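Asks: So that you have it, the file is run.csv, and it contains CSV, C-alpha atoms:
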```csv
chain,number,residue,atom,x,y,z
A,24,MET,CA,144.9,116.6,100.4
A,25,LYS,CA,145.4,113.2,102.0
A,26,TYR,CA,143.2,114.3,104.9
A,27,LEU,CA,140.4,115.0,102.4
A,28,ASN,CA,140.8,111.6,100.9
A,29,ALA,CA,140.6,110.0,104.4
A,30,ILE,CA,137.4,111.9,105.2
A,31,ALA,CA,135.9,110.8,101.9
A,32,VAL,CA,136.7,107.2,102.5
A,33,LEU,CA,135.2,107.3,106.0
A,34,ALA,CA,132.1,109.1,104.8
A,35,CYS,CA,131.3,106.6,102.0
A,36,PRO,CA,130.0,103.8,104.2
A,37,VAL,CA,127.8,106.2,106.0
A,38,LEU,CA,126.3,107.4,102.7
A,39,VAL,CA,125.5,103.8,101.7
A,40,TRP,CA,124.0,103.0,105.1
A,41,ALA,CA,121.8,106.1,104.9
A,42,ALA,CA,120.4,105.1,101.5
A,43,PRO,CA,116.5,105.1,101.5
A,44,ASP,CA,114.7,101.8,101.8
A,45,TRP,CA,112.6,101.7,98.6
A,46,THR,CA,109.4,99.5,98.7
A,47,ARG,CA,107.6,98.3,95.5
A,48,ALA,CA,103.8,98.7,95.2
A,49,VAL,CA,100.9,98.9,92.8
A,50,ILE,CA,98.6,101.9,93.0
A,51,VAL,CA,95.0,101.0,93.9
A,52,LYS,CA,93.6,104.5,94.2
A,53,VAL,CA,94.9,108.1,94.0
A,54,GLU,CA,93.3,110.8,96.1
A,55,PRO,CA,95.2,114.0,95.4
A,56,GLU,CA,92.6,116.2,97.1
A,57,LYS,CA,93.4,114.4,100.3
A,58,ALA,CA,97.2,114.1,99.6
A,59,ARG,CA,96.7,110.3,99.9
A,60,VAL,CA,97.3,107.2,97.9
A,61,ILE,CA,96.2,103.6,98.4
A,62,LEU,CA,98.9,101.1,97.7
A,63,ASN,CA,99.1,97.3,97.4
A,64,HIS,CA,102.7,97.2,98.8
A,65,GLN,CA,105.3,94.6,99.4
A,66,ARG,CA,106.8,94.1,102.8
A,67,ILE,CA,108.3,97.3,104.2
A,68,LYS,CA,111.6,95.9,105.7
A,69,ARG,CA,112.7,99.0,107.6
A,70,ILE,CA,109.6,98.8,109.9
A,71,ASN,CA,108.9,95.1,109.5
A,72,MET,CA,105.5,95.6,108.1
A,73,GLU,CA,104.0,92.8,106.0
A,74,ALA,CA,102.7,93.3,102.5
A,75,MET,CA,99.1,94.6,102.4
A,76,ILE,CA,96.8,97.2,100.8
A,77,MET,CA,96.6,100.4,102.8
A,78,PRO,CA,96.3,104.2,102.5
A,79,PHE,CA,99.3,106.5,102.9
A,80,LYS,CA,99.4,110.2,103.3
A,81,VAL,CA,101.9,111.9,101.0
A,82,ALA,CA,104.4,114.5,102.1
A,83,ASP,CA,104.4,117.9,100.5
A,84,GLY,CA,107.4,117.1,98.3
A,85,ALA,CA,105.9,114.0,96.8
A,86,SER,CA,103.5,114.6,93.9
A,87,LEU,CA,100.8,112.2,92.8
A,88,ALA,CA,99.9,114.0,89.6
A,89,ALA,CA,101.7,111.5,87.3
A,90,PHE,CA,100.1,108.4,88.8
A,91,LYS,CA,96.9,106.4,88.2
A,92,PRO,CA,95.5,103.1,89.5
A,93,GLY,CA,97.5,100.1,88.2
A,94,ASP,CA,100.8,101.9,88.0
A,95,LYS,CA,103.8,100.1,89.4
A,96,VAL,CA,105.7,102.4,91.8
A,97,ARG,CA,108.4,102.4,94.4
A,98,PHE,CA,108.3,104.6,97.5
A,99,THR,CA,110.0,105.5,100.8
A,100,VAL,CA,108.2,106.2,104.0
A,101,ILE,CA,108.9,108.2,107.1
A,102,GLU,CA,107.2,108.3,110.5
A,103,LYS,CA,105.5,111.6,111.1
A,104,ASN,CA,103.1,112.3,114.1
A,105,ASP,CA,102.8,108.5,114.6
A,106,HIS,CA,101.7,107.9,111.0
A,107,LEU,CA,103.6,106.5,108.0
A,108,VAL,CA,104.0,109.2,105.3
A,109,ILE,CA,105.3,108.7,101.8
A,110,ASP,CA,108.2,111.1,101.3
A,111,ALA,CA,109.2,109.9,97.9
A,112,ILE,CA,107.4,108.0,95.2
A,113,GLU,CA,108.4,107.2,91.6
A,114,ALA,CA,107.5,104.9,88.7
A,115,ASP,CA,109.0,101.5,89.0
A,116,LYS,CA,110.6,100.1,85.9
```
Give the structure from the file, written as structure tokens.
Replies:
Amino acid sequence: MKYLNAIAVLACPVLVWAAPDWTRAVIVKVEPEKARVILNHQRIKRINMEAMIMPFKVADGASLAAFKPGDKVRFTVIEKNDHLVIDAIEADK
């Protein structure tokens, strides 16, 4: 049992380190037919990208159905085929 506890203690910092880097934004335009959204986003720290308005493709797992222009959201991005792709997006409270 103490070995399991030791493994859990060692794994916790890794889980915190691996937490997604959420970025806040306001939706400018939603284009579900293109699986794309245009965001006015804050600085994306993980890739050192300054705040700007730009389009993002959306991964298959991220739905745009609940969003409309003006909505405040937060999102995470991944690099896929040399492009930034939103892999998670949700309403920002």
Asks: Can you work out which one of A:Glu102, A:Glu54, A:Asp110, A:Glu73 has the shortest atom-to-atom distance to Leu87 of chain A, counting only C-alpha atoms?
Replies: A:Glu54
Asks: At what distance in Å, to one decimal, does atom CA of Thr46 of chain A lie from atom CA of Ile67 of chain A?
Replies: 6.0 Å
Asks: Got a sec: who's within 8 Å of Met77 of chain A, counting only C-alpha atoms, leaving out chain neighbours fewer than 6 positions off, as a tab-separated table (two decimals) with C-alpha atoms, keeping the file's coordinate frame?
Replies:
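Output below, filename result_24.tsv:
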```tsv
chain	number	residue	atom	x	y	z
A	61	ILE	CA	96.20	103.60	98.40
A	62	LEU	CA	98.90	101.10	97.70
A	63	ASN	CA	99.10	97.30	97.40
A	64	HIS	CA	102.70	97.20	98.80
```
Asks: So the first atom is atom CA of Ala114 of chain A and the second is atom CA of Arg97 of chain A; what is the distance between them in Å, to one decimal place?
Replies: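 Going from atom CA of Ala114 of chain A over to atom CA of Arg97 of chain A, I get 6.3 Å.
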Asks: When distances are computed from all atoms listed in the file, which of A:Val53, A:Ala85, A:Ala58, A:Val96 shows the smallest separation from Lys116 of chain A?
Replies: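 Residue with the minimum atom-to-atom distance to Lys116 of chain A: A:Val96.
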Asks: Find the distance between atom CA of Lys80 of chain A and atom CA of Leu107 of chain A and write it in Å to one decimal.
Replies: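 For atom CA of Lys80 of chain A relative to atom CA of Leu107 of chain A, the distance reads 7.3 Å.
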Asks: Here is a test: counting only C-alpha atoms, which residue of A:Ile109, A:Ala89, A:Val81, A:Ala48 is nearest to Arg66 of chain A?
Replies: A:Ala48
Asks: Considering all atoms listed in the file, can you say which of A:Phe79, A:Gly84, A:Lys68, A:Asp94 comes closest to Val51 of chain A?
Replies: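 For Val51 of chain A, the nearest of the given residues is A:Asp94.
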Asks: Which of these residues is nearest to Lys52 of chain A, using all atoms listed in the file: A:Lys91, A:Ala82, A:Gln65, A:Ile70?
Replies: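 Smallest distance to Lys52 of chain A is found for A:Lys91.
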Asks: Nearest residue to Ala88 of chain A out of A:Pro55, A:Ile112, A:His106, A:Val60, using only C-alpha atoms?
Replies: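 Result for the nearest residue to Ala88 of chain A: A:Pro55.
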Asks: Could I see segment 94-106 of chain A restored to N, CA and C atoms, set down as an mmCIF file, in the coordinates of the input?
Replies:
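Saved result, rebuild_4.cif, follows:
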```
data_model
loop_
_atom_site.group_PDB
_atom_site.id
_atom_site.type_symbol
_atom_site.label_atom_id
_atom_site.label_comp_id
_atom_site.auth_asym_id
_atom_site.auth_seq_id
_atom_site.Cartn_x
_atom_site.Cartn_y
_atom_site.Cartn_z
ATOM 1 N N ASP A 94 99.359 101.610 88.218
ATOM 2 C CA ASP A 94 100.800 101.900 88.000
ATOM 3 C C ASP A 94 101.656 101.226 89.024
ATOM 4 N N LYS A 95 102.794 100.724 88.549
ATOM 5 C CA LYS A 95 103.800 100.100 89.400
ATOM 6 C C LYS A 95 104.713 101.257 89.903
ATOM 7 N N VAL A 96 104.919 101.339 91.217
ATOM 8 C CA VAL A 96 105.700 102.400 91.800
ATOM 9 C C VAL A 96 106.689 101.821 92.834
ATOM 10 N N ARG A 97 107.605 102.648 93.265
ATOM 11 C CA ARG A 97 108.400 102.400 94.400
ATOM 12 C C ARG A 97 108.379 103.619 95.295
ATOM 13 N N PHE A 98 108.465 103.433 96.615
ATOM 14 C CA PHE A 98 108.300 104.600 97.500
ATOM 15 C C PHE A 98 109.127 104.384 98.779
ATOM 16 N N THR A 99 109.328 105.492 99.478
ATOM 17 C CA THR A 99 110.000 105.500 100.800
ATOM 18 C C THR A 99 109.001 106.112 101.777
ATOM 19 N N VAL A 100 109.062 105.667 103.018
ATOM 20 C CA VAL A 100 108.200 106.200 104.000
ATOM 21 C C VAL A 100 108.997 106.754 105.218
ATOM 22 N N ILE A 101 108.391 107.725 105.877
ATOM 23 C CA ILE A 101 108.900 108.200 107.100
ATOM 24 C C ILE A 101 107.809 108.190 108.165
ATOM 25 N N GLU A 102 108.183 108.244 109.417
ATOM 26 C CA GLU A 102 107.200 108.300 110.500
ATOM 27 C C GLU A 102 107.018 109.779 110.855
ATOM 28 N N LYS A 103 105.773 110.245 110.841
ATOM 29 C CA LYS A 103 105.500 111.600 111.100
ATOM 30 C C LYS A 103 104.200 111.682 111.974
ATOM 31 N N ASN A 104 104.280 112.195 113.181
ATOM 32 C CA ASN A 104 103.100 112.300 114.100
ATOM 33 C C ASN A 104 102.448 110.897 114.235
ATOM 34 N N ASP A 105 103.245 109.869 114.435
ATOM 35 C CA ASP A 105 102.800 108.500 114.600
ATOM 36 C C ASP A 105 102.043 107.909 113.423
ATOM 37 N N HIS A 106 102.305 108.444 112.231
ATOM 38 C CA HIS A 106 101.700 107.900 111.000
ATOM 39 C C HIS A 106 102.867 107.667 109.999
#
```
